[in-house]
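Chemist: Next comes the structure file target.pdb, holding PDB, C-alpha atoms and all ligand atoms.
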```pdb
MODEL        1
ATOM      1  CA  MET A   1      59.122 -60.828 -16.760
ATOM      2  CA  HIS A   2      58.752 -63.355 -13.962
ATOM      3  CA  ASP A   3      55.659 -62.997 -11.818
ATOM      4  CA  LEU A   4      54.815 -64.879  -8.643
ATOM      5  CA  THR A   5      51.459 -66.624  -8.887
ATOM      6  CA  PRO A   6      49.069 -66.232  -5.934
ATOM      7  CA  GLU A   7      49.487 -69.949  -5.189
ATOM      8  CA  GLN A   8      53.265 -69.568  -4.944
ATOM      9  CA  ILE A   9      52.767 -66.973  -2.216
ATOM     10  CA  VAL A  10      50.272 -68.930  -0.096
ATOM     11  CA  ARG A  11      47.986 -71.915  -0.743
ATOM     12  CA  LEU A  12      46.110 -74.722   0.925
ATOM     13  CA  GLU A  13      46.954 -78.227  -0.274
ATOM     14  CA  ASP A  14      44.091 -80.733  -0.002
ATOM     15  CA  LEU A  15      46.284 -83.685   0.903
ATOM     16  CA  THR A  16      45.587 -86.189   3.645
ATOM     17  CA  PRO A  17      46.387 -84.522   5.922
ATOM     18  CA  ALA A  18      45.781 -81.027   4.490
ATOM     19  CA  ARG A  19      48.401 -78.314   4.902
ATOM     20  CA  VAL A  20      49.014 -74.623   4.234
ATOM     21  CA  VAL A  21      52.153 -73.881   2.235
ATOM     22  CA  LEU A  22      53.629 -70.400   1.997
ATOM     23  CA  LEU A  23      56.682 -68.720   0.548
ATOM     24  CA  ASP A  24      58.869 -67.938   3.563
ATOM     25  CA  GLN A  25      59.364 -64.186   3.217
ATOM     26  CA  ARG A  26      62.017 -64.147   5.956
ATOM     27  CA  ARG A  27      64.404 -65.975   3.644
ATOM     28  CA  LEU A  28      63.933 -63.749   0.587
ATOM     29  CA  PRO A  29      65.673 -62.657  -1.553
ATOM     30  CA  ASP A  30      68.608 -64.985  -0.878
ATOM     31  CA  GLU A  31      66.572 -68.187  -0.717
ATOM     32  CA  VAL A  32      63.222 -69.063  -2.248
ATOM     33  CA  VAL A  33      61.977 -71.559   0.309
ATOM     34  CA  GLU A  34      58.491 -72.748   1.240
ATOM     35  CA  LEU A  35      57.194 -73.227   4.773
ATOM     36  CA  THR A  36      54.599 -75.916   5.474
ATOM     37  CA  CYS A  37      52.020 -75.433   8.232
ATOM     38  CA  SER A  38      50.122 -78.448   9.557
ATOM     39  CA  SER A  39      47.710 -76.715  11.937
ATOM     40  CA  ALA A  40      46.045 -73.349  12.483
ATOM     41  CA  ALA A  41      48.503 -72.737  15.328
ATOM     42  CA  GLU A  42      51.390 -73.190  12.894
ATOM     43  CA  VAL A  43      49.782 -70.748  10.440
ATOM     44  CA  ALA A  44      49.302 -68.277  13.310
ATOM     45  CA  ASP A  45      52.961 -68.701  14.189
ATOM     46  CA  ALA A  46      54.007 -68.123  10.558
ATOM     47  CA  ILE A  47      52.052 -64.851  10.621
ATOM     48  CA  ARG A  48      53.514 -63.842  14.007
ATOM     49  CA  VAL A  49      57.132 -64.420  12.938
ATOM     50  CA  MET A  50      56.389 -62.773   9.574
ATOM     51  CA  ALA A  51      57.138 -65.759   7.341
ATOM     52  CA  VAL A  52      54.013 -64.354   5.678
ATOM     53  CA  ARG A  53      53.384 -60.636   6.124
ATOM     54  CA  GLY A  54      51.584 -57.679   4.581
ATOM     55  CA  ALA A  55      48.005 -56.864   5.543
ATOM     56  CA  PRO A  56      45.982 -58.587   2.784
ATOM     57  CA  ALA A  57      48.384 -61.578   2.683
ATOM     58  CA  ILE A  58      48.006 -62.278   6.391
ATOM     59  CA  GLY A  59      44.229 -62.124   5.957
ATOM     60  CA  VAL A  60      44.451 -64.684   3.159
ATOM     61  CA  ALA A  61      46.834 -66.873   5.183
ATOM     62  CA  ALA A  62      44.459 -66.733   8.160
ATOM     63  CA  ALA A  63      41.576 -67.755   5.879
ATOM     64  CA  TYR A  64      43.551 -70.797   4.733
ATOM     65  CA  GLY A  65      44.505 -71.433   8.369
ATOM     66  CA  LEU A  66      40.869 -71.589   9.431
ATOM     67  CA  ALA A  67      40.009 -73.851   6.479
ATOM     68  CA  LEU A  68      42.923 -76.067   7.499
ATOM     69  CA  ALA A  69      41.618 -76.205  11.060
ATOM     70  CA  ALA A  70      38.167 -77.245   9.807
ATOM     71  CA  ALA A  71      39.620 -79.884   7.474
ATOM     72  CA  ARG A  72      41.652 -81.376  10.326
ATOM     73  CA  GLY A  73      38.833 -81.314  12.858
ATOM     74  CA  GLU A  74      40.481 -78.729  15.119
ATOM     75  CA  ASP A  75      38.508 -76.653  17.632
ATOM     76  CA  LEU A  76      37.469 -73.715  15.428
ATOM     77  CA  ASP A  77      37.074 -71.227  18.282
ATOM     78  CA  ALA A  78      40.631 -71.891  19.418
ATOM     79  CA  ALA A  79      41.931 -71.797  15.838
ATOM     80  CA  GLU A  80      40.205 -68.489  15.138
ATOM     81  CA  ALA A  81      41.469 -66.985  18.397
ATOM     82  CA  ALA A  82      45.056 -68.032  17.648
ATOM     83  CA  LEU A  83      44.923 -66.646  14.111
ATOM     84  CA  ALA A  84      43.166 -63.402  15.107
ATOM     85  CA  SER A  85      45.730 -62.616  17.801
ATOM     86  CA  SER A  86      48.812 -63.364  15.703
ATOM     87  CA  ARG A  87      49.306 -59.690  14.739
ATOM     88  CA  PRO A  88      47.271 -56.714  15.962
ATOM     89  CA  THR A  89      47.468 -53.826  13.506
ATOM     90  CA  ALA A  90      46.282 -55.067  10.093
ATOM     91  CA  VAL A  91      42.490 -55.261  10.167
ATOM     92  CA  ASN A  92      42.533 -57.694   7.224
ATOM     93  CA  LEU A  93      43.154 -60.544   9.663
ATOM     94  CA  ARG A  94      39.876 -59.970  11.504
ATOM     95  CA  TRP A  95      38.103 -59.141   8.245
ATOM     96  CA  ALA A  96      39.098 -62.442   6.628
ATOM     97  CA  LEU A  97      38.253 -64.552   9.686
ATOM     98  CA  GLU A  98      34.800 -62.954   9.972
ATOM     99  CA  ARG A  99      34.106 -63.921   6.372
ATOM    100  CA  MET A 100      35.452 -67.445   6.808
ATOM    101  CA  ARG A 101      33.617 -68.382   9.986
ATOM    102  CA  PRO A 102      30.204 -69.147   8.403
ATOM    103  CA  GLU A 103      31.879 -71.381   5.780
ATOM    104  CA  PRO A 104      35.425 -72.399   6.812
ATOM    105  CA  THR A 105      36.182 -74.372   3.662
ATOM    106  CA  ALA A 106      39.117 -74.511   1.282
ATOM    107  CA  ASP A 107      36.872 -73.258  -1.526
ATOM    108  CA  ARG A 108      35.796 -70.215   0.497
ATOM    109  CA  ALA A 109      39.418 -69.399   1.376
ATOM    110  CA  ARG A 110      40.464 -69.719  -2.267
ATOM    111  CA  GLN A 111      37.573 -67.465  -3.295
ATOM    112  CA  LEU A 112      38.625 -64.862  -0.703
ATOM    113  CA  HIS A 113      42.207 -65.089  -2.022
ATOM    114  CA  ARG A 114      41.071 -64.639  -5.657
ATOM    115  CA  GLU A 115      38.904 -61.683  -4.670
ATOM    116  CA  GLU A 116      41.780 -59.916  -2.880
ATOM    117  CA  VAL A 117      43.976 -60.236  -5.962
ATOM    118  CA  GLY A 118      41.079 -58.955  -8.086
ATOM    119  CA  ARG A 119      40.728 -55.924  -5.798
ATOM    120  CA  CYS A 120      44.446 -55.223  -6.184
ATOM    121  CA  LYS A 121      44.181 -55.212  -9.972
ATOM    122  CA  ARG A 122      41.183 -52.875  -9.963
ATOM    123  CA  MET A 123      42.694 -50.375  -7.537
ATOM    124  CA  ALA A 124      46.012 -50.457  -9.413
ATOM    125  CA  ALA A 125      44.233 -49.206 -12.510
ATOM    126  CA  HIS A 126      42.620 -46.355 -10.538
ATOM    127  CA  ALA A 127      45.910 -45.410  -8.874
ATOM    128  CA  ALA A 128      48.006 -45.561 -12.047
ATOM    129  CA  ALA A 129      45.732 -42.921 -13.571
ATOM    130  CA  LEU A 130      46.902 -40.467 -10.867
ATOM    131  CA  LEU A 131      50.520 -40.568 -12.022
ATOM    132  CA  GLU A 132      51.935 -38.152 -14.593
ATOM    133  CA  PRO A 133      54.198 -39.338 -17.442
ATOM    134  CA  GLY A 134      57.803 -39.637 -16.272
ATOM    135  CA  THR A 135      56.895 -40.249 -12.617
ATOM    136  CA  ARG A 136      59.670 -41.043 -10.190
ATOM    137  CA  ALA A 137      57.911 -42.634  -7.219
ATOM    138  CA  LEU A 138      59.085 -43.440  -3.717
ATOM    139  CA  THR A 139      57.617 -46.418  -1.867
ATOM    140  CA  HIS A 140      58.068 -47.816   1.618
ATOM    141  CA  CYS A 141      57.992 -51.319   3.082
ATOM    142  CA  ASN A 142      56.597 -53.976   0.752
ATOM    143  CA  ALA A 143      53.139 -53.598  -0.716
ATOM    144  CA  GLY A 144      53.694 -55.967  -3.623
ATOM    145  CA  GLY A 145      52.269 -59.367  -4.458
ATOM    146  CA  LEU A 146      54.064 -60.880  -1.472
ATOM    147  CA  ALA A 147      52.081 -58.570   0.811
ATOM    148  CA  THR A 148      48.681 -59.111  -0.806
ATOM    149  CA  GLY A 149      48.768 -62.737  -1.975
ATOM    150  CA  GLY A 150      49.323 -61.617  -5.574
ATOM    151  CA  TYR A 151      49.796 -58.506  -7.776
ATOM    152  CA  GLY A 152      50.198 -55.986  -4.949
ATOM    153  CA  SER A 153      48.608 -52.759  -3.754
ATOM    154  CA  ALA A 154      51.133 -49.889  -3.957
ATOM    155  CA  ILE A 155      53.438 -52.000  -6.128
ATOM    156  CA  GLY A 156      50.417 -53.101  -8.152
ATOM    157  CA  ALA A 157      49.725 -49.429  -8.823
ATOM    158  CA  LEU A 158      53.340 -48.876  -9.843
ATOM    159  CA  ARG A 159      53.375 -51.885 -12.131
ATOM    160  CA  ALA A 160      50.152 -50.703 -13.812
ATOM    161  CA  ALA A 161      51.735 -47.260 -14.222
ATOM    162  CA  TRP A 162      54.839 -48.912 -15.699
ATOM    163  CA  GLU A 163      52.705 -50.888 -18.149
ATOM    164  CA  HIS A 164      50.936 -47.642 -19.140
ATOM    165  CA  GLY A 165      54.318 -46.020 -19.791
ATOM    166  CA  VAL A 166      53.982 -43.273 -17.166
ATOM    167  CA  LEU A 167      56.405 -44.600 -14.517
ATOM    168  CA  GLU A 168      60.088 -43.871 -14.932
ATOM    169  CA  HIS A 169      61.737 -45.110 -11.735
ATOM    170  CA  VAL A 170      61.038 -46.233  -8.165
ATOM    171  CA  LEU A 171      63.002 -45.315  -5.047
ATOM    172  CA  VAL A 172      62.591 -48.051  -2.451
ATOM    173  CA  GLY A 173      63.018 -47.162   1.218
ATOM    174  CA  GLU A 174      64.936 -50.019   2.816
ATOM    175  CA  THR A 175      62.443 -50.109   5.744
ATOM    176  CA  ARG A 176      64.369 -50.685   8.948
ATOM    177  CA  PRO A 177      64.482 -52.868  10.936
ATOM    178  CA  LEU A 178      63.299 -55.892   8.896
ATOM    179  CA  LEU A 179      64.158 -54.469   5.462
ATOM    180  CA  GLN A 180      60.919 -55.297   3.652
ATOM    181  CA  GLY A 181      61.858 -52.631   1.091
ATOM    182  CA  ALA A 182      65.462 -53.638   0.514
ATOM    183  CA  ARG A 183      64.733 -57.377   0.535
ATOM    184  CA  LEU A 184      61.194 -57.829  -0.789
ATOM    185  CA  THR A 185      60.146 -54.767  -2.810
ATOM    186  CA  ALA A 186      63.489 -54.555  -4.602
ATOM    187  CA  TRP A 187      63.269 -58.286  -5.389
ATOM    188  CA  GLU A 188      59.732 -57.964  -6.730
ATOM    189  CA  LEU A 189      60.574 -54.907  -8.841
ATOM    190  CA  GLU A 190      63.570 -56.797 -10.219
ATOM    191  CA  GLN A 191      61.339 -59.789 -11.051
ATOM    192  CA  ILE A 192      58.820 -57.627 -12.922
ATOM    193  CA  GLY A 193      61.473 -55.458 -14.564
ATOM    194  CA  ILE A 194      60.767 -51.995 -13.121
ATOM    195  CA  PRO A 195      63.831 -49.701 -12.740
ATOM    196  CA  HIS A 196      64.472 -49.024  -9.064
ATOM    197  CA  ALA A 197      67.058 -48.081  -6.457
ATOM    198  CA  VAL A 198      67.055 -48.915  -2.760
ATOM    199  CA  ILE A 199      67.715 -45.980  -0.452
ATOM    200  CA  ALA A 200      68.437 -45.759   3.259
ATOM    201  CA  ASP A 201      65.219 -44.604   4.934
ATOM    202  CA  SER A 202      67.039 -41.478   6.078
ATOM    203  CA  ALA A 203      67.872 -40.498   2.469
ATOM    204  CA  ALA A 204      64.255 -39.687   1.583
ATOM    205  CA  ALA A 205      64.318 -36.077   2.799
ATOM    206  CA  SER A 206      67.325 -34.935   0.809
ATOM    207  CA  LEU A 207      66.184 -36.765  -2.325
ATOM    208  CA  MET A 208      62.824 -35.002  -2.077
ATOM    209  CA  ALA A 209      64.596 -31.685  -1.593
ATOM    210  CA  ALA A 210      66.701 -32.413  -4.671
ATOM    211  CA  GLY A 211      63.527 -32.824  -6.748
ATOM    212  CA  GLU A 212      64.038 -36.551  -7.340
ATOM    213  CA  VAL A 213      60.637 -37.691  -6.020
ATOM    214  CA  ASP A 214      57.336 -36.922  -7.773
ATOM    215  CA  CYS A 215      55.045 -38.888  -5.460
ATOM    216  CA  VAL A 216      55.048 -41.299  -2.531
ATOM    217  CA  VAL A 217      52.952 -44.458  -2.935
ATOM    218  CA  THR A 218      52.349 -46.839  -0.040
ATOM    219  CA  GLY A 219      49.980 -49.558   1.100
ATOM    220  CA  ALA A 220      48.118 -49.631   4.404
ATOM    221  CA  ASP A 221      47.433 -51.973   7.301
ATOM    222  CA  ARG A 222      44.297 -50.274   8.579
ATOM    223  CA  ILE A 223      42.424 -47.198   7.405
ATOM    224  CA  ALA A 224      40.167 -45.640  10.036
ATOM    225  CA  ALA A 225      36.774 -44.159   9.134
ATOM    226  CA  ASN A 226      38.237 -40.637   9.058
ATOM    227  CA  GLY A 227      41.078 -41.653   6.697
ATOM    228  CA  ASP A 228      43.855 -41.848   9.302
ATOM    229  CA  THR A 229      46.037 -44.687   8.047
ATOM    230  CA  ALA A 230      48.303 -47.151   9.835
ATOM    231  CA  ASN A 231      51.191 -48.461   7.763
ATOM    232  CA  LYS A 232      54.771 -49.582   8.302
ATOM    233  CA  ILE A 233      56.754 -47.462  10.733
ATOM    234  CA  GLY A 234      58.290 -44.579   8.816
ATOM    235  CA  THR A 235      55.264 -43.863   6.623
ATOM    236  CA  TYR A 236      54.194 -40.956   8.847
ATOM    237  CA  GLY A 237      57.649 -39.409   8.549
ATOM    238  CA  LEU A 238      57.511 -39.734   4.758
ATOM    239  CA  ALA A 239      54.063 -38.094   4.775
ATOM    240  CA  VAL A 240      55.380 -35.112   6.741
ATOM    241  CA  LEU A 241      58.340 -34.815   4.381
ATOM    242  CA  ALA A 242      56.110 -35.116   1.316
ATOM    243  CA  ALA A 243      53.797 -32.376   2.605
ATOM    244  CA  HIS A 244      56.778 -30.115   3.298
ATOM    245  CA  HIS A 245      58.069 -30.592  -0.248
ATOM    246  CA  GLY A 246      54.633 -30.332  -1.909
ATOM    247  CA  ILE A 247      54.727 -33.956  -3.082
ATOM    248  CA  PRO A 248      51.514 -36.027  -3.138
ATOM    249  CA  LEU A 249      51.268 -39.142  -0.981
ATOM    250  CA  TYR A 250      48.894 -41.812  -2.235
ATOM    251  CA  VAL A 251      47.697 -44.745  -0.110
ATOM    252  CA  VAL A 252      46.643 -47.749  -2.205
ATOM    253  CA  ALA A 253      44.765 -50.459  -0.318
ATOM    254  CA  PRO A 254      41.863 -52.851  -0.850
ATOM    255  CA  SER A 255      38.616 -52.093   0.949
ATOM    256  CA  SER A 256      39.353 -55.071   3.240
ATOM    257  CA  THR A 257      41.833 -52.684   4.888
ATOM    258  CA  VAL A 258      39.192 -50.008   5.532
ATOM    259  CA  ASP A 259      37.871 -50.289   9.093
ATOM    260  CA  LEU A 260      34.798 -48.126   9.529
ATOM    261  CA  ALA A 261      34.408 -49.458  13.093
ATOM    262  CA  THR A 262      37.587 -47.596  14.038
ATOM    263  CA  ALA A 263      36.788 -43.890  14.113
ATOM    264  CA  THR A 264      40.296 -42.411  14.021
ATOM    265  CA  GLY A 265      43.927 -43.470  13.967
ATOM    266  CA  ALA A 266      44.159 -43.003  17.734
ATOM    267  CA  GLU A 267      42.129 -46.212  18.145
ATOM    268  CA  ILE A 268      44.343 -48.362  15.925
ATOM    269  CA  PRO A 269      46.422 -50.849  17.948
ATOM    270  CA  ILE A 270      50.095 -50.446  17.092
ATOM    271  CA  GLU A 271      52.197 -53.589  17.255
ATOM    272  CA  GLU A 272      55.394 -53.332  19.286
ATOM    273  CA  ARG A 273      57.755 -56.084  18.173
ATOM    274  CA  ALA A 274      60.776 -57.615  19.876
ATOM    275  CA  ALA A 275      63.581 -55.193  20.703
ATOM    276  CA  ASP A 276      66.202 -57.518  19.226
ATOM    277  CA  GLU A 277      64.839 -56.843  15.717
ATOM    278  CA  VAL A 278      66.380 -53.378  16.211
ATOM    279  CA  THR A 279      69.472 -54.287  18.234
ATOM    280  CA  ALA A 280      70.475 -57.338  20.243
ATOM    281  CA  ARG A 281      73.041 -55.329  22.212
ATOM    282  CA  PHE A 282      71.079 -52.460  23.793
ATOM    283  CA  ALA A 283      67.605 -51.727  25.056
ATOM    284  CA  ALA A 284      65.398 -50.741  22.116
ATOM    285  CA  ARG A 285      61.878 -49.710  21.172
ATOM    286  CA  ASN A 286      60.319 -51.320  18.126
ATOM    287  CA  PRO A 287      56.897 -49.953  17.156
ATOM    288  CA  ALA A 288      56.180 -51.704  13.849
ATOM    289  CA  PHE A 289      53.598 -49.235  12.500
ATOM    290  CA  ASP A 290      52.692 -45.570  12.677
ATOM    291  CA  VAL A 291      49.573 -43.592  11.827
ATOM    292  CA  THR A 292      49.550 -40.992   9.091
ATOM    293  CA  PRO A 293      46.871 -38.364   9.736
ATOM    294  CA  ALA A 294      44.274 -38.151   6.981
ATOM    295  CA  GLU A 295      45.150 -34.553   6.140
ATOM    296  CA  LEU A 296      48.617 -35.632   4.965
ATOM    297  CA  ILE A 297      47.187 -38.155   2.466
ATOM    298  CA  SER A 298      46.471 -36.746  -1.011
ATOM    299  CA  ALA A 299      44.221 -39.671  -1.978
ATOM    300  CA  ILE A 300      43.261 -43.126  -0.761
ATOM    301  CA  VAL A 301      42.741 -45.558  -3.626
ATOM    302  CA  THR A 302      40.647 -48.697  -3.216
ATOM    303  CA  GLU A 303      39.134 -50.995  -5.835
ATOM    304  CA  HIS A 304      36.120 -48.660  -5.797
ATOM    305  CA  GLY A 305      38.126 -45.696  -7.041
ATOM    306  CA  VAL A 306      40.064 -42.629  -5.859
ATOM    307  CA  HIS A 307      38.861 -41.228  -2.525
ATOM    308  CA  ARG A 308      39.733 -37.740  -1.337
ATOM    309  CA  VAL A 309      38.938 -35.561   1.685
ATOM    310  CA  PRO A 310      36.591 -35.567   3.464
ATOM    311  CA  TYR A 311      37.455 -39.250   3.870
ATOM    312  CA  SER A 312      34.680 -39.845   6.398
ATOM    313  CA  GLU A 313      32.232 -39.391   3.507
ATOM    314  CA  ALA A 314      34.387 -40.817   0.732
ATOM    315  CA  LEU A 315      35.218 -44.069   2.552
ATOM    316  CA  ALA A 316      31.691 -44.784   3.725
ATOM    317  CA  GLY A 317      30.881 -46.459   0.401
ATOM    318  CA  ALA A 318      34.266 -48.171   0.053
ATOM    319  CA  VAL A 319      33.734 -51.355   2.006
ATOM    320  CA  ALA A 320      34.201 -54.879   0.722
ATOM    321  CA  VAL A 321      31.301 -57.312   1.053
TER     322      VAL A 321
HETATM  323  O1  LIG B 401      55.077 -55.680   9.152
HETATM  324  P1  LIG B 401      54.634 -55.934   7.751
HETATM  325  O2  LIG B 401      55.742 -56.253   6.818
HETATM  326  O3  LIG B 401      53.495 -56.935   7.688
HETATM  327  O4  LIG B 401      54.023 -54.537   7.295
HETATM  328  C1  LIG B 401      53.427 -54.445   6.050
HETATM  329  C2  LIG B 401      53.118 -53.072   5.654
HETATM  330  O5  LIG B 401      53.220 -52.146   6.428
HETATM  331  C3  LIG B 401      52.585 -52.894   4.281
HETATM  332  O6  LIG B 401      52.935 -51.644   3.783
HETATM  333  C4  LIG B 401      51.063 -52.991   4.357
HETATM  334  O7  LIG B 401      50.683 -54.212   4.924
HETATM  335  C5  LIG B 401      50.448 -52.854   3.046
HETATM  336  S1  LIG B 401      50.672 -54.336   2.129
HETATM  337  C6  LIG B 401      49.732 -54.358   0.794
ENDMDL
END
```
For this file, write the structure as structure tokens.
Modeler:
Amino acid sequence: MHDLTPEQIVRLEDLTPARVVLLDQRRLPDEVVELTCSSAAEVADAIRVMAVRGAPAIGVAAAYGLALAAARGEDLDAAEAALASSRPTAVNLRWALERMRPEPTADRARQLHREEVGRCKRMAAHAAALLEPGTRALTHCNAGGLATGGYGSAIGALRAAWEHGVLEHVLVGETRPLLQGARLTAWELEQIGIPHAVIADSAAASLMAAGEVDCVVTGADRIAANGDTANKIGTYGLAVLAAHHGIPLYVVAPSSTVDLATATGAEIPIEERAADEVTARFAARNPAFDVTPAELISAIVTEHGVHRVPYSEALAGAVAV
């Protein structure tokens, strides 16, 4: 079993001059190539173009970006503004920058990174306990170590379930248009040795109807106070399908993704990305996320445990310090 270390996914190197180095997720799985960022603006750009992506991972990258800015004597207000505006939906970006601002050091960023990976491992154990022996799970996008800076949220839960002997197989939605499922999740599952098959996003309904899916497990980019959850576009559709077929949908996310300042999903900003990610030939719309209403989510799992409706009460205590 080959596992990516957190430092292989993103790190700050204390050279003179310092730099942030990250695994360029745009090039995976065909090429394993690192991208070097020499300023906070370059880290912000790497987040914007999705060389690093996934809610907790962009928070960690932004933390290293702010530490880099401090080490290089950059204007910290400008650095923070550039990093904070690089992508709008995942609240982890703002969360990480708020924690970095009082102490924008490499040590603080590394601590934040370690803590995020620790949260992933704790919530994976809680989530794995929800799965029955012989589970065939369906996941969407990539919520593995690449997306969290190590171990993974939804994929962390699935790997813990695999290690406990209760997971049989994973169906991986390819995740149009950027194929985070087909490129990144499939690659990570291959690396850690979990049986899987990539499916076209549109195959989920008939596979559920055929009884081939026991649960849907996803990550999240922002969880509002009432439990409404933003995640990769297509998650809402899977939630509707899962409800129709009586299949549970579990959201696995660290408490850094819980945003109690956002009352409901209607307030979550949804990123609209470039049309040419969908098609370069015709006009296109490209909303990158959707919101799954809380009532379609069977449980939200954070490092604090398994939270169920009413989420407004259950999530109130699930906030990272
Ligand atoms: O646009 P992306 O690839 O950054 O979107 C990522 C997702 O939607 C993930 O499912 C989410 O960030 C959870 S990652 C632990």
Chemist: Give as a short mmCIF file (atom, residue, chain, number, x, y, z; two decimals) with C-alpha atoms, in the frame of the given file the residues that the PyMOL selection byres (((chain A and resi 179) around 10) and not hetatm) matches when applied to the coordinates above.
Modeler:
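Below is the file part06.cif, written as the result:
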```
data_model
loop_
_atom_site.label_atom_id
_atom_site.label_comp_id
_atom_site.auth_asym_id
_atom_site.auth_seq_id
_atom_site.Cartn_x
_atom_site.Cartn_y
_atom_site.Cartn_z
CA ARG A 26 62.02 -64.15 5.96
CA HIS A 140 58.07 -47.82 1.62
CA CYS A 141 57.99 -51.32 3.08
CA ASN A 142 56.60 -53.98 0.75
CA GLY A 173 63.02 -47.16 1.22
CA GLU A 174 64.94 -50.02 2.82
CA THR A 175 62.44 -50.11 5.74
CA ARG A 176 64.37 -50.68 8.95
CA PRO A 177 64.48 -52.87 10.94
CA LEU A 178 63.30 -55.89 8.90
CA GLN A 180 60.92 -55.30 3.65
CA GLY A 181 61.86 -52.63 1.09
CA ALA A 182 65.46 -53.64 0.51
CA ARG A 183 64.73 -57.38 0.54
CA LEU A 184 61.19 -57.83 -0.79
CA THR A 185 60.15 -54.77 -2.81
CA ALA A 200 68.44 -45.76 3.26
CA ASP A 201 65.22 -44.60 4.93
#
```
Chemist: What are the closest atom pairs, with distances in Å to one decimal, for each residue of chain A lying within 8 Å of ligand LIG 401 (chain B), using all atoms listed in the file, rows by chain and rising residue number, as a tab-separated table?
Modeler:
```
residue	atom	partner	partner_atom	distance
A:Met50	CA	B:LIG401	O3	6.8
A:Val52	CA	B:LIG401	O3	7.7
A:Arg53	CA	B:LIG401	O3	4.0
A:Gly54	CA	B:LIG401	O7	3.6
A:Ala55	CA	B:LIG401	O7	3.8
A:Pro56	CA	B:LIG401	C6	6.0
A:Ala57	CA	B:LIG401	C6	7.6
A:Ile58	CA	B:LIG401	O3	7.8
A:Ala90	CA	B:LIG401	O7	6.8
A:His140	CA	B:LIG401	O6	6.8
A:Cys141	CA	B:LIG401	O6	5.1
A:Asn142	CA	B:LIG401	O6	5.3
A:Ala143	CA	B:LIG401	C6	3.8
A:Gly144	CA	B:LIG401	C6	6.1
A:Gly145	CA	B:LIG401	C6	7.7
A:Ala147	CA	B:LIG401	S1	4.7
A:Thr148	CA	B:LIG401	C6	5.1
A:Gly152	CA	B:LIG401	C6	6.0
A:Ser153	CA	B:LIG401	C6	5.0
A:Ala154	CA	B:LIG401	C6	6.7
A:Leu178	CA	B:LIG401	O2	7.8
A:Gln180	CA	B:LIG401	O2	6.1
A:Thr218	CA	B:LIG401	O6	6.2
A:Gly219	CA	B:LIG401	C5	3.9
A:Ala220	CA	B:LIG401	C5	4.2
A:Asp221	CA	B:LIG401	O7	4.6
A:Ala230	CA	B:LIG401	O5	7.8
A:Asn231	CA	B:LIG401	O5	4.4
A:Lys232	CA	B:LIG401	O5	3.5
A:Ile233	CA	B:LIG401	O5	7.3
A:Val252	CA	B:LIG401	C6	7.9
A:Ala253	CA	B:LIG401	C6	6.4
A:Ala288	CA	B:LIG401	O1	6.3
A:Phe289	CA	B:LIG401	O5	6.7
```
Chemist: Quick one: which residues end up in the PyMOL selection byres (((chain A and resi 93-95) around 12) and not hetatm) for this structure, as a PyMOL selection string?
Modeler: chain A and resi 44+47-48+53-66+80-92+96-101+112+116+148+221-222+254-261+319-321
Chemist: Of the residues A:Leu171, A:Val166, A:Val278, A:Ala41, which is the one nearest to Leu130 (chain A), using all atoms listed in the file?
Modeler: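 Among A:Leu171, A:Val166, A:Val278, A:Ala41, it is A:Val166 that comes nearest to Leu130 (chain A).
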Chemist: What is the distance, in Å and to one decimal place, between CA of Val170 (chain A) and CA of Leu138 (chain A)?
Modeler: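 Distance reported for this atom pair: 5.6 Å.
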Chemist: Do a neighbour search on Asp214 (chain A) at 8 Å with all atoms listed in the file, toss out local chain neighbours closer than 6 positions, and write the hits as a ChimeraX atom specification.
Modeler: /A:135-138,247-248
Chemist: Between CA of Lys121 (chain A) and CA of Leu146 (chain A), what is the distance in Å, rounded to a tenth?
Modeler: 14.2 Å
Chemist: Using only C-alpha atoms, which residue out of A:Ala51, A:Pro287, A:Glu115, A:Val43 lies closest to Pro6 (chain A)?
Modeler: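 The shortest atom-to-atom distance to Pro6 (chain A) comes from A:Glu115.
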Chemist: Taking the file as I've supplied it (selection: the PyMOL selection byres (((chain A and resi 285) around 9) and not hetatm)), which residues are included? Please answer as a PyMOL selection string.
Modeler: chain A and resi 272-275+278+283-284+286-287
Chemist: Report, as JSON, the centre and edge lengths in Å (one decimal) of the axis-aligned box enclosing every listed atom of region 112-124 of chain A, padded by 8 Å on each side.
Modeler:
```
{"center_x": 42.3, "center_y": -57.7, "center_z": -5.3, "size_x": 23.4, "size_y": 30.7, "size_z": 25.3}
```
Chemist: Between A:Ala69, A:Ala124, A:Leu4, A:Ala46, which one has atoms that come closest to Val21 (chain A), using all atoms listed in the file?
Modeler: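 Nearest to Val21 (chain A): A:Ala46.
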Chemist: Excluding Gly193 (chain A) and any residue of its chain fewer than 2 positions from it, enumerate the residues within 10 Å of it, using all atoms listed in the file, and give them as a ChimeraX atom specification.
Modeler: /A:1-3,159,162,187-191,195-196
Chemist: Identify which of the residues A:Gln8, A:Ala40, A:Tyr250, A:Ile270 lies closest to Gly149 (chain A), counting all atoms listed in the file when measuring atom-to-atom distances.
Modeler: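 So, comparing all the options, the nearest one is A:Gln8.
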Chemist: So the first atom is CA of Gly234 (chain A) and the second is CA of Ala157 (chain A); what is the distance between them in Å, to one decimal place?
Modeler: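 Distance reported for this atom pair: 20.2 Å.
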Chemist: I want to know what sits within 10 Å of Ser39 (chain A), based on all atoms listed in the file, with residues of the same chain fewer than 5 positions away left out; could you give that as a PyMOL selection string?
Modeler: chain A and resi 17-20+44-45+65-72+74+79
